[in-house]
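Participant: File name run-v9.cif; file contents mmCIF, C-alpha atoms and all ligand atoms; full text below.
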```cif
data_query
loop_
_atom_site.group_PDB
_atom_site.id
_atom_site.type_symbol
_atom_site.label_atom_id
_atom_site.label_comp_id
_atom_site.auth_asym_id
_atom_site.auth_seq_id
_atom_site.Cartn_x
_atom_site.Cartn_y
_atom_site.Cartn_z
ATOM 1 C CA MET A 1 0.000 0.000 0.000
ATOM 2 C CA PRO A 2 1.751 3.259 -1.100
ATOM 3 C CA VAL A 3 2.264 5.510 1.944
ATOM 4 C CA GLU A 4 3.074 8.640 -0.130
ATOM 5 C CA GLU A 5 -0.643 9.099 -0.730
ATOM 6 C CA PHE A 6 -1.225 9.276 3.046
ATOM 7 C CA VAL A 7 1.674 11.696 3.672
ATOM 8 C CA ALA A 8 0.678 13.945 0.741
ATOM 9 C CA GLY A 9 -2.892 13.964 2.073
ATOM 10 C CA TRP A 10 -1.690 14.982 5.513
ATOM 11 C CA ILE A 11 0.526 17.903 4.354
ATOM 12 C CA SER A 12 -2.079 19.162 1.881
ATOM 13 C CA GLY A 13 -4.901 18.918 4.421
ATOM 14 C CA ALA A 14 -2.863 20.884 6.992
ATOM 15 C CA LEU A 15 -2.218 23.735 4.519
ATOM 16 C CA GLY A 16 -5.919 23.917 3.680
ATOM 17 C CA LEU A 17 -6.915 23.758 7.329
ATOM 18 C CA VAL A 18 -4.892 26.798 8.447
ATOM 19 C CA LEU A 19 -6.199 28.834 5.514
ATOM 20 C CA GLY A 20 -9.813 27.887 6.168
ATOM 21 C CA HIS A 21 -10.084 27.874 9.976
ATOM 22 C CA PRO A 22 -11.230 31.520 10.441
ATOM 23 C CA PHE A 23 -14.081 30.917 7.951
ATOM 24 C CA ASP A 24 -14.906 27.692 9.771
ATOM 25 C CA THR A 25 -15.257 29.466 13.139
ATOM 26 C CA VAL A 26 -17.700 31.996 11.641
ATOM 27 C CA LYS A 27 -19.661 29.144 10.035
ATOM 28 C CA VAL A 28 -19.965 27.133 13.260
ATOM 29 C CA ARG A 29 -21.125 30.216 15.206
ATOM 30 C CA LEU A 30 -23.748 31.051 12.560
ATOM 31 C CA GLN A 31 -25.047 27.482 12.552
ATOM 32 C CA THR A 32 -25.359 27.053 16.295
ATOM 33 C CA GLN A 33 -25.961 30.522 17.776
ATOM 34 C CA THR A 34 -28.740 32.980 17.031
ATOM 35 C CA THR A 35 -26.999 36.138 18.312
ATOM 36 C CA TYR A 36 -25.391 37.039 14.965
ATOM 37 C CA GLN A 37 -27.146 38.915 12.152
ATOM 38 C CA GLY A 38 -24.964 37.509 9.377
ATOM 39 C CA ILE A 39 -21.399 36.837 8.289
ATOM 40 C CA VAL A 40 -20.137 40.415 8.649
ATOM 41 C CA ASP A 41 -21.852 40.953 12.017
ATOM 42 C CA CYS A 42 -20.377 37.687 13.276
ATOM 43 C CA MET A 43 -16.870 38.600 12.076
ATOM 44 C CA VAL A 44 -17.037 42.091 13.621
ATOM 45 C CA LYS A 45 -18.300 40.714 16.948
ATOM 46 C CA ILE A 46 -15.641 38.007 17.103
ATOM 47 C CA TYR A 47 -12.923 40.564 16.331
ATOM 48 C CA ARG A 48 -14.248 43.130 18.877
ATOM 49 C CA HIS A 49 -14.823 40.712 21.768
ATOM 50 C CA GLU A 50 -12.194 38.083 21.174
ATOM 51 C CA SER A 51 -9.567 39.764 18.933
ATOM 52 C CA LEU A 52 -8.026 38.052 15.899
ATOM 53 C CA LEU A 53 -7.269 35.034 18.081
ATOM 54 C CA GLY A 54 -11.033 34.391 18.352
ATOM 55 C CA PHE A 55 -11.024 33.241 14.712
ATOM 56 C CA PHE A 56 -8.409 30.613 15.499
ATOM 57 C CA LYS A 57 -10.180 29.069 18.513
ATOM 58 C CA GLY A 58 -10.182 25.296 18.418
ATOM 59 C CA MET A 59 -7.470 25.074 15.726
ATOM 60 C CA SER A 60 -4.666 23.352 17.635
ATOM 61 C CA PHE A 61 -6.499 20.047 17.864
ATOM 62 C CA PRO A 62 -7.520 19.833 14.193
ATOM 63 C CA ILE A 63 -3.904 20.630 13.251
ATOM 64 C CA MET A 64 -2.818 17.559 15.189
ATOM 65 C CA SER A 65 -5.701 15.443 13.973
ATOM 66 C CA ILE A 66 -5.346 16.441 10.324
ATOM 67 C CA ALA A 67 -2.410 14.031 10.133
ATOM 68 C CA VAL A 68 -4.852 11.180 10.653
ATOM 69 C CA VAL A 69 -8.006 12.604 9.090
ATOM 70 C CA SER A 70 -6.624 13.995 5.843
ATOM 71 C CA SER A 71 -4.243 11.141 5.257
ATOM 72 C CA VAL A 72 -7.124 8.663 5.716
ATOM 73 C CA GLN A 73 -9.327 10.738 3.384
ATOM 74 C CA PHE A 74 -6.814 10.875 0.525
ATOM 75 C CA GLY A 75 -4.975 7.649 1.308
ATOM 76 C CA VAL A 76 -8.131 5.498 1.422
ATOM 77 C CA TYR A 77 -9.499 7.222 -1.712
ATOM 78 C CA SER A 78 -6.343 6.666 -3.698
ATOM 79 C CA ASN A 79 -5.733 3.129 -2.508
ATOM 80 C CA ALA A 80 -9.404 2.162 -3.038
ATOM 81 C CA LEU A 81 -9.142 3.487 -6.581
ATOM 82 C CA MET A 82 -5.988 1.474 -7.073
ATOM 83 C CA VAL A 83 -7.775 -1.697 -5.984
ATOM 84 C CA LEU A 84 -10.816 -0.928 -8.172
ATOM 85 C CA THR A 85 -8.891 0.052 -11.307
ATOM 86 C CA ALA A 86 -5.437 -1.526 -10.884
ATOM 87 C CA THR A 87 -3.719 1.821 -11.692
ATOM 88 C CA SER A 88 -1.361 3.931 -9.564
ATOM 89 C CA HIS A 89 -1.762 7.704 -9.075
ATOM 90 C CA GLN A 90 0.893 8.366 -11.758
ATOM 91 C CA GLU A 91 -0.885 6.196 -14.336
ATOM 92 C CA ARG A 92 -4.293 7.647 -13.598
ATOM 93 C CA TRP A 93 -4.270 10.597 -16.026
ATOM 94 C CA ALA A 94 -3.223 8.294 -18.877
ATOM 95 C CA GLN A 95 -5.782 5.591 -17.987
ATOM 96 C CA PRO A 96 -8.646 7.491 -16.309
ATOM 97 C CA PRO A 97 -10.887 5.491 -13.962
ATOM 98 C CA SER A 98 -14.685 5.488 -14.457
ATOM 99 C CA TYR A 99 -16.699 8.050 -12.499
ATOM 100 C CA ALA A 100 -18.492 5.219 -10.683
ATOM 101 C CA HIS A 101 -15.122 3.994 -9.373
ATOM 102 C CA VAL A 102 -14.092 7.526 -8.397
ATOM 103 C CA PHE A 103 -17.391 7.980 -6.529
ATOM 104 C CA ILE A 104 -17.126 4.654 -4.671
ATOM 105 C CA ALA A 105 -13.497 5.327 -3.693
ATOM 106 C CA GLY A 106 -14.438 8.852 -2.506
ATOM 107 C CA CYS A 107 -17.324 7.485 -0.417
ATOM 108 C CA ALA A 108 -14.974 4.896 1.121
ATOM 109 C CA GLY A 109 -12.536 7.685 2.120
ATOM 110 C CA GLY A 110 -15.392 9.767 3.560
ATOM 111 C CA PHE A 111 -16.871 6.833 5.477
ATOM 112 C CA LEU A 112 -13.612 5.705 7.068
ATOM 113 C CA GLN A 113 -12.402 9.191 7.959
ATOM 114 C CA THR A 114 -15.580 9.684 10.059
ATOM 115 C CA TYR A 115 -14.239 7.357 12.758
ATOM 116 C CA CYS A 116 -11.042 9.395 13.133
ATOM 117 C CA LEU A 117 -12.667 12.786 12.634
ATOM 118 C CA ALA A 118 -15.665 12.515 15.003
ATOM 119 C CA PRO A 119 -13.985 13.207 18.397
ATOM 120 C CA PHE A 120 -11.672 15.891 16.963
ATOM 121 C CA ASP A 121 -14.527 17.624 15.178
ATOM 122 C CA LEU A 122 -16.667 17.548 18.326
ATOM 123 C CA ILE A 123 -13.926 19.218 20.381
ATOM 124 C CA LYS A 124 -13.312 21.806 17.640
ATOM 125 C CA VAL A 125 -17.024 22.722 17.515
ATOM 126 C CA ARG A 126 -17.318 22.946 21.321
ATOM 127 C CA LEU A 127 -14.260 25.232 21.533
ATOM 128 C CA GLN A 128 -15.318 27.380 18.579
ATOM 129 C CA ASN A 129 -18.630 27.995 20.305
ATOM 130 C CA GLN A 130 -17.047 29.457 23.415
ATOM 131 C CA THR A 131 -17.635 33.178 23.076
ATOM 132 C CA GLU A 132 -15.626 34.238 26.125
ATOM 133 C CA PRO A 133 -12.520 36.323 25.313
ATOM 134 C CA ARG A 134 -9.199 34.661 26.121
ATOM 135 C CA ALA A 135 -8.347 34.717 29.878
ATOM 136 C CA GLN A 136 -8.752 38.289 31.143
ATOM 137 C CA SER A 137 -8.968 39.242 34.816
ATOM 138 C CA GLY A 138 -12.582 39.790 35.886
ATOM 139 C CA SER A 139 -14.163 38.006 32.933
ATOM 140 C CA PRO A 140 -15.930 34.664 33.613
ATOM 141 C CA PRO A 141 -13.732 31.696 32.708
ATOM 142 C CA ALA A 142 -14.665 29.643 29.659
ATOM 143 C CA ARG A 143 -16.128 26.188 30.323
ATOM 144 C CA TYR A 144 -13.267 24.419 28.546
ATOM 145 C CA ARG A 145 -9.668 25.529 29.133
ATOM 146 C CA GLY A 146 -8.402 23.943 25.932
ATOM 147 C CA PRO A 147 -8.693 20.829 23.756
ATOM 148 C CA VAL A 148 -7.334 18.364 26.331
ATOM 149 C CA HIS A 149 -9.529 19.779 29.098
ATOM 150 C CA CYS A 150 -12.484 19.719 26.713
ATOM 151 C CA ALA A 151 -11.879 16.054 25.799
ATOM 152 C CA ALA A 152 -11.411 15.091 29.463
ATOM 153 C CA SER A 153 -14.573 16.963 30.546
ATOM 154 C CA ILE A 154 -16.700 15.353 27.833
ATOM 155 C CA PHE A 155 -15.298 11.942 28.771
ATOM 156 C CA GLN A 156 -16.061 12.523 32.479
ATOM 157 C CA GLU A 157 -19.500 14.084 32.018
ATOM 158 C CA GLU A 158 -20.825 12.088 29.063
ATOM 159 C CA GLY A 159 -18.690 8.930 29.021
ATOM 160 C CA PRO A 160 -16.606 7.617 26.076
ATOM 161 C CA ARG A 161 -19.680 7.631 23.791
ATOM 162 C CA GLY A 162 -19.979 11.367 24.456
ATOM 163 C CA LEU A 163 -16.815 11.861 22.384
ATOM 164 C CA PHE A 164 -18.725 10.493 19.383
ATOM 165 C CA ARG A 165 -21.723 12.801 19.753
ATOM 166 C CA GLY A 166 -22.864 13.842 16.270
ATOM 167 C CA ALA A 167 -20.893 11.006 14.610
ATOM 168 C CA TRP A 168 -23.949 9.638 12.769
ATOM 169 C CA ALA A 169 -24.696 12.992 11.214
ATOM 170 C CA LEU A 170 -20.994 13.361 10.374
ATOM 171 C CA MET A 171 -20.975 9.991 8.609
ATOM 172 C CA LEU A 172 -24.142 10.806 6.668
ATOM 173 C CA ARG A 173 -22.573 14.147 5.717
ATOM 174 C CA ASP A 174 -19.165 12.870 4.645
ATOM 175 C CA THR A 175 -19.796 9.533 2.910
ATOM 176 C CA PRO A 176 -21.708 10.752 -0.171
ATOM 177 C CA THR A 177 -20.185 14.227 -0.282
ATOM 178 C CA MET A 178 -16.626 12.908 -0.444
ATOM 179 C CA GLY A 179 -17.767 10.922 -3.491
ATOM 180 C CA ILE A 180 -19.168 14.126 -5.017
ATOM 181 C CA TYR A 181 -15.919 15.935 -4.095
ATOM 182 C CA PHE A 182 -13.622 13.568 -6.011
ATOM 183 C CA VAL A 183 -16.009 13.111 -8.975
ATOM 184 C CA THR A 184 -16.207 16.917 -9.445
ATOM 185 C CA TYR A 185 -12.437 17.269 -9.200
ATOM 186 C CA GLU A 186 -11.760 14.452 -11.672
ATOM 187 C CA GLY A 187 -14.472 15.626 -14.068
ATOM 188 C CA LEU A 188 -13.176 19.196 -14.244
ATOM 189 C CA CYS A 189 -9.551 18.130 -14.580
ATOM 190 C CA ARG A 190 -10.431 15.797 -17.472
ATOM 191 C CA GLN A 191 -12.563 18.437 -19.162
ATOM 192 C CA TYR A 192 -9.706 20.961 -19.277
ATOM 193 C CA THR A 193 -6.708 18.645 -19.793
ATOM 194 C CA PRO A 194 -5.613 17.159 -23.142
ATOM 195 C CA ASP A 195 -5.860 13.337 -23.114
ATOM 196 C CA GLY A 196 -2.999 11.526 -21.397
ATOM 197 C CA GLN A 197 -1.423 14.675 -19.855
ATOM 198 C CA ASN A 198 -1.226 15.863 -16.250
ATOM 199 C CA PRO A 199 -3.602 18.771 -15.456
ATOM 200 C CA SER A 200 -1.981 22.244 -15.267
ATOM 201 C CA SER A 201 -1.667 24.104 -11.932
ATOM 202 C CA ALA A 202 -4.481 26.476 -12.928
ATOM 203 C CA THR A 203 -6.752 23.530 -13.729
ATOM 204 C CA VAL A 204 -5.929 21.808 -10.429
ATOM 205 C CA LEU A 205 -6.610 25.042 -8.487
ATOM 206 C CA VAL A 206 -9.968 25.696 -10.160
ATOM 207 C CA ALA A 207 -11.075 22.026 -10.132
ATOM 208 C CA GLY A 208 -10.074 21.674 -6.447
ATOM 209 C CA GLY A 209 -11.855 24.907 -5.479
ATOM 210 C CA VAL A 210 -15.047 24.021 -7.378
ATOM 211 C CA ALA A 211 -14.983 20.453 -5.968
ATOM 212 C CA GLY A 212 -14.777 21.992 -2.489
ATOM 213 C CA ILE A 213 -17.741 24.319 -3.116
ATOM 214 C CA THR A 214 -19.909 21.621 -4.760
ATOM 215 C CA SER A 215 -19.327 19.101 -1.995
ATOM 216 C CA TRP A 216 -19.886 21.651 0.765
ATOM 217 C CA VAL A 217 -23.139 22.912 -0.764
ATOM 218 C CA ALA A 218 -24.313 19.280 -0.787
ATOM 219 C CA ALA A 219 -22.983 18.771 2.756
ATOM 220 C CA THR A 220 -24.409 21.894 4.396
ATOM 221 C CA PRO A 221 -27.853 20.508 5.464
ATOM 222 C CA LEU A 222 -26.215 17.642 7.390
ATOM 223 C CA ASP A 223 -23.422 19.934 8.519
ATOM 224 C CA VAL A 224 -25.983 22.099 10.340
ATOM 225 C CA ILE A 225 -27.537 19.033 11.972
ATOM 226 C CA LYS A 226 -24.118 17.626 12.879
ATOM 227 C CA SER A 227 -23.049 20.872 14.591
ATOM 228 C CA ARG A 228 -26.328 21.029 16.529
ATOM 229 C CA MET A 229 -26.038 17.399 17.658
ATOM 230 C CA GLN A 230 -22.480 18.114 18.793
ATOM 231 C CA MET A 231 -23.582 21.094 20.887
ATOM 232 C CA ASP A 232 -26.540 19.138 22.290
ATOM 233 C CA GLY A 233 -25.890 17.726 25.736
ATOM 234 C CA LEU A 234 -23.673 20.638 26.769
ATOM 235 C CA ARG A 235 -26.259 21.695 29.338
ATOM 236 C CA ARG A 236 -29.224 19.398 28.712
ATOM 237 C CA ARG A 237 -30.197 16.984 25.932
ATOM 238 C CA VAL A 238 -32.683 18.530 23.502
ATOM 239 C CA TYR A 239 -32.646 16.126 20.540
ATOM 240 C CA GLN A 240 -33.512 12.394 20.499
ATOM 241 C CA GLY A 241 -31.403 11.792 17.387
ATOM 242 C CA VAL A 242 -30.582 13.019 13.882
ATOM 243 C CA LEU A 243 -34.201 12.886 12.610
ATOM 244 C CA ASP A 244 -35.532 14.641 15.689
ATOM 245 C CA CYS A 245 -32.893 17.357 15.332
ATOM 246 C CA MET A 246 -33.886 17.847 11.663
ATOM 247 C CA ALA A 247 -37.615 17.957 12.446
ATOM 248 C CA SER A 248 -37.342 20.314 15.389
ATOM 249 C CA SER A 249 -34.907 22.638 13.536
ATOM 250 C CA VAL A 250 -37.324 22.862 10.564
ATOM 251 C CA ARG A 251 -40.320 23.355 12.869
ATOM 252 C CA GLN A 252 -38.645 26.261 14.640
ATOM 253 C CA GLU A 253 -36.688 27.920 11.834
ATOM 254 C CA GLY A 254 -38.188 26.714 8.547
ATOM 255 C CA LEU A 255 -36.465 24.879 5.673
ATOM 256 C CA GLY A 256 -33.902 27.686 5.358
ATOM 257 C CA VAL A 257 -32.188 26.220 8.422
ATOM 258 C CA PHE A 258 -30.561 23.606 6.174
ATOM 259 C CA PHE A 259 -28.675 26.328 4.350
ATOM 260 C CA ARG A 260 -27.290 28.108 7.364
ATOM 261 C CA GLY A 261 -23.645 28.822 6.773
ATOM 262 C CA VAL A 262 -23.765 27.796 3.074
ATOM 263 C CA THR A 263 -22.240 31.097 1.886
ATOM 264 C CA ILE A 264 -19.388 31.031 4.357
ATOM 265 C CA ASN A 265 -18.907 27.280 3.749
ATOM 266 C CA SER A 266 -18.519 27.971 0.013
ATOM 267 C CA ALA A 267 -16.258 31.000 0.517
ATOM 268 C CA ARG A 268 -14.035 28.843 2.705
ATOM 269 C CA ALA A 269 -14.196 25.789 0.465
ATOM 270 C CA PHE A 270 -12.704 27.371 -2.658
ATOM 271 C CA PRO A 271 -9.274 28.488 -1.350
ATOM 272 C CA VAL A 272 -8.964 25.574 1.088
ATOM 273 C CA ASN A 273 -9.539 22.874 -1.516
ATOM 274 C CA ALA A 274 -7.698 24.665 -4.326
ATOM 275 C CA VAL A 275 -4.565 24.709 -2.151
ATOM 276 C CA THR A 276 -5.160 21.180 -0.825
ATOM 277 C CA PHE A 277 -5.394 19.606 -4.304
ATOM 278 C CA LEU A 278 -2.511 21.657 -5.717
ATOM 279 C CA SER A 279 -0.239 20.556 -2.908
ATOM 280 C CA TYR A 280 -1.477 16.923 -3.138
ATOM 281 C CA GLU A 281 -0.894 16.667 -6.904
ATOM 282 C CA TYR A 282 2.542 18.297 -6.779
ATOM 283 C CA LEU A 283 3.783 16.273 -3.817
ATOM 284 C CA LEU A 284 2.805 13.035 -5.579
ATOM 285 C CA ARG A 285 4.374 14.140 -8.881
ATOM 286 C CA TRP A 286 7.520 15.164 -7.037
ATOM 287 C CA TRP A 287 7.776 11.814 -5.233
ATOM 288 C CA GLY A 288 6.603 9.804 -8.234
HETATM 289 C C1 LIG B 301 -18.153 18.269 2.142
HETATM 290 N N1 LIG B 301 -17.120 17.591 2.729
HETATM 291 C C2 LIG B 301 -17.358 16.918 3.940
HETATM 292 C C3 LIG B 301 -15.910 17.570 2.101
HETATM 293 N N2 LIG B 301 -15.851 17.949 0.959
HETATM 294 N N3 LIG B 301 -14.835 17.155 2.665
HETATM 295 C C4 LIG B 301 -13.610 17.162 1.973
HETATM 296 C C5 LIG B 301 -13.013 18.529 2.014
HETATM 297 C C6 LIG B 301 -11.918 18.525 2.923
HETATM 298 C C7 LIG B 301 -11.323 19.850 3.168
HETATM 299 N N4 LIG B 301 -10.333 19.650 4.191
HETATM 300 C C8 LIG B 301 -12.345 20.857 3.653
HETATM 301 O O1 LIG B 301 -12.489 20.971 4.869
HETATM 302 O O2 LIG B 301 -12.962 21.535 2.861
#
```
For the file at hand, write its structure as structure tokens.
Ligand SMILES: CN(C)C(=N)NCCC[C@H](N)C(=O)O

Facilitator:
Amino acid sequence: MPVEEFVAGWISGALGLVLGHPFDTVKVRLQTQTTYQGIVDCMVKIYRHESLLGFFKGMSFPIMSIAVVSSVQFGVYSNALMVLTATSHQERWAQPPSYAHVFIAGCAGGFLQTYCLAPFDLIKVRLQNQTEPRAQSGSPPARYRGPVHCAASIFQEEGPRGLFRGAWALMLRDTPTMGIYFVTYEGLCRQYTPDGQNPSSATVLVAGGVAGITSWVAATPLDVIKSRMQMDGLRRRVYQGVLDCMASSVRQEGLGVFFRGVTINSARAFPVNAVTFLSYEYLLRWWG
């Protein structure tokens, strides 16, 4: 099993993560809190109350976890495709796999990454939702002092299963949308690349960015539900499960609730995934 695919996935995912984290914080706040009037209001309030650092809350843990999550995402995708089509990454532009194979391999990557991502994503969302400014004398302390304290508190208060709160919604979000992600990327690269050649940097950037937007637009309804399930149980349990969370969110806020954060998700998705795919392709060409 070629390990380069896992390492390239890790480095590329980390680059994308740092670039996209401020957008991600705004998105999570908009999806789970009702105090903000929109993207700009949310950004201004975060900056005023929490300074620039507020945008980077909850980032240290994902940076550590991206090694596992992103390498599983890309590594499983690429290796699944290799099993399905008997071609390596280098041979793939000359002998393109079918879109059905790309979709299945993408879904496999999305499904398996859920198990690694769930606890890290939960901790990220809980920390991003803490609106208290960083330790200042006189201000009330935040509930969680950092990622380790957050993980330990969830473990103590909610048991080991608590660390997987929202994992079902995460799996339903990531399995099909990772398929969509890789199919869009492959499709656009093939469309704009002469047969048998490697795609140009511009093509990789645009195809990666558009793949990010397409998959996130498709993922946003379950992303909202996932974030709400992850915040549920902080004080008291409100939802019985994924379906109950969907029904009660629609009852209270209308169908528009499923598109909360879609603009910021898309604005974040383009640069993050353009950079991720560019770095992934070049690292593999360089090592190949
Ligand atoms: C819609 N979903 C779940 C995805 N497309 N996931 C893959 C994108 C991964 C990238 N690190 C990002 O966070 O955008």

Participant: Specify as a PyMOL selection string each residue included when the PyMOL selection byres (((chain A and resi 213) around 9) and not hetatm) is applied to this file.

Facilitator: chain A and resi 181+208-212+214-218+265-270+273

Participant: Please save C-alpha atoms of the selected residues as a CSV table (one decimal), in the frame of the given file.

Facilitator:
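Done, and the output landed in again-v3.csv:
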```csv
chain,number,residue,atom,x,y,z
A,181,TYR,CA,-15.9,15.9,-4.1
A,208,GLY,CA,-10.1,21.7,-6.4
A,209,GLY,CA,-11.9,24.9,-5.5
A,210,VAL,CA,-15.0,24.0,-7.4
A,211,ALA,CA,-15.0,20.5,-6.0
A,212,GLY,CA,-14.8,22.0,-2.5
A,214,THR,CA,-19.9,21.6,-4.8
A,215,SER,CA,-19.3,19.1,-2.0
A,216,TRP,CA,-19.9,21.7,0.8
A,217,VAL,CA,-23.1,22.9,-0.8
A,218,ALA,CA,-24.3,19.3,-0.8
A,265,ASN,CA,-18.9,27.3,3.7
A,266,SER,CA,-18.5,28.0,0.0
A,267,ALA,CA,-16.3,31.0,0.5
A,268,ARG,CA,-14.0,28.8,2.7
A,269,ALA,CA,-14.2,25.8,0.5
A,270,PHE,CA,-12.7,27.4,-2.7
A,273,ASN,CA,-9.5,22.9,-1.5
```

Participant: Quick one: residues within 7 Å of Met178 (chain A), only C-alpha atoms, excluding same-chain residues fewer than 3 positions away - as a list in words?

Facilitator: Gly106, Cys107, Gly110, Asp174, Thr175, Tyr181, Phe182 and Ser215 of chain A

Participant: Would you mind exporting the chosen residues as a CSV table (one decimal), in the frame of the given file, restricted to C-alpha atoms?

Facilitator:
```csv
chain,number,residue,atom,x,y,z
A,106,GLY,CA,-14.4,8.9,-2.5
A,107,CYS,CA,-17.3,7.5,-0.4
A,110,GLY,CA,-15.4,9.8,3.6
A,174,ASP,CA,-19.2,12.9,4.6
A,175,THR,CA,-19.8,9.5,2.9
A,181,TYR,CA,-15.9,15.9,-4.1
A,182,PHE,CA,-13.6,13.6,-6.0
A,215,SER,CA,-19.3,19.1,-2.0
```

Participant: Can you pull out every residue within 9 Å of region 275-282 of chain A, counting only C-alpha atoms, but drop anything in the same chain fewer than 3 positions away, and send it as a list in words?

Facilitator: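 Once the adjacent positions are removed, what remains is Glu5, Ala8, Gly9, Trp10, Ile11, Ser12, Gly13, Ala14, Leu15, Gly16, Leu17, Leu19, Phe74, Tyr185, Ser201, Ala202, Val204, Leu205, Ala207, Gly208, Gly209, Phe270, Pro271, Val272, Arg285, Trp286 and Trp287 of chain A.
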
Participant: Using only C-alpha atoms and all ligand atoms, find the one residue out of A:Gly241, A:Gly256, A:Pro176, A:Pro141 that sits nearest to ligand LIG 301 (chain B).

Facilitator: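 Among A:Gly241, A:Gly256, A:Pro176, A:Pro141, it is A:Pro176 that comes nearest to ligand LIG 301 (chain B).
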
Participant: For each of A:Gly233, A:Asp41, A:Leu81, A:Glu253, take the minimum atom-to-atom distance to Gly159 (chain A), counting all atoms listed in the file, then give the residue where this is smallest.

Facilitator: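 So, comparing all the options, the nearest one is A:Gly233.
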
Participant: If you count only C-alpha atoms, which residues fall within 8 Å of Phe56 (chain A), apart from same-chain ones fewer than 5 positions away, as a PDB file with C-alpha atoms, keeping the file's coordinate frame?

Facilitator:
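So result-v8.pdb came out as:
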```pdb
ATOM      1  CA  HIS A  21     -10.084  27.874   9.976  1.00  0.00           C
ATOM      2  CA  PRO A  22     -11.230  31.520  10.441  1.00  0.00           C
ATOM      3  CA  THR A  25     -15.257  29.466  13.139  1.00  0.00           C
TER       4      THR A  25
END
```

Participant: Taking the file as shown, find all residues satisfying the PyMOL selection byres (((chain A and resi 145) around 12) and not hetatm) and write them as a list in words.

Facilitator: Lys57, Gly58, Ile123, Arg126, Leu127, Gln130, Glu132, Pro133, Arg134, Ala135, Pro140, Pro141, Ala142, Arg143, Tyr144, Gly146, Pro147, Val148, His149, Cys150, Ala151, Ala152 and Ser153 of chain A

Participant: Any chance you could export the current selection's C-alpha atoms as a PDB file, in the coordinates of the input?

Facilitator:
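Below is the file again-v3.pdb, written as the result:
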```
ATOM      1  CA  LYS A  57     -10.180  29.069  18.513  1.00  0.00           C
ATOM      2  CA  GLY A  58     -10.182  25.296  18.418  1.00  0.00           C
ATOM      3  CA  ILE A 123     -13.926  19.218  20.381  1.00  0.00           C
ATOM      4  CA  ARG A 126     -17.318  22.946  21.321  1.00  0.00           C
ATOM      5  CA  LEU A 127     -14.260  25.232  21.533  1.00  0.00           C
ATOM      6  CA  GLN A 130     -17.047  29.457  23.415  1.00  0.00           C
ATOM      7  CA  GLU A 132     -15.626  34.238  26.125  1.00  0.00           C
ATOM      8  CA  PRO A 133     -12.520  36.323  25.313  1.00  0.00           C
ATOM      9  CA  ARG A 134      -9.199  34.661  26.121  1.00  0.00           C
ATOM     10  CA  ALA A 135      -8.347  34.717  29.878  1.00  0.00           C
ATOM     11  CA  PRO A 140     -15.930  34.664  33.613  1.00  0.00           C
ATOM     12  CA  PRO A 141     -13.732  31.696  32.708  1.00  0.00           C
ATOM     13  CA  ALA A 142     -14.665  29.643  29.659  1.00  0.00           C
ATOM     14  CA  ARG A 143     -16.128  26.188  30.323  1.00  0.00           C
ATOM     15  CA  TYR A 144     -13.267  24.419  28.546  1.00  0.00           C
ATOM     16  CA  GLY A 146      -8.402  23.943  25.932  1.00  0.00           C
ATOM     17  CA  PRO A 147      -8.693  20.829  23.756  1.00  0.00           C
ATOM     18  CA  VAL A 148      -7.334  18.364  26.331  1.00  0.00           C
ATOM     19  CA  HIS A 149      -9.529  19.779  29.098  1.00  0.00           C
ATOM     20  CA  CYS A 150     -12.484  19.719  26.713  1.00  0.00           C
ATOM     21  CA  ALA A 151     -11.879  16.054  25.799  1.00  0.00           C
ATOM     22  CA  ALA A 152     -11.411  15.091  29.463  1.00  0.00           C
ATOM     23  CA  SER A 153     -14.573  16.963  30.546  1.00  0.00           C
TER      24      SER A 153
END
```

Participant: Give the answer as one residue: which of A:Phe111, A:Phe155, A:Phe164, A:Phe61 has the shortest atom-to-atom distance to ligand LIG 301 (chain B), using all atoms listed in the file?

Facilitator: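 Using all atoms listed in the file, ligand LIG 301 (chain B) sits closest to A:Phe111.
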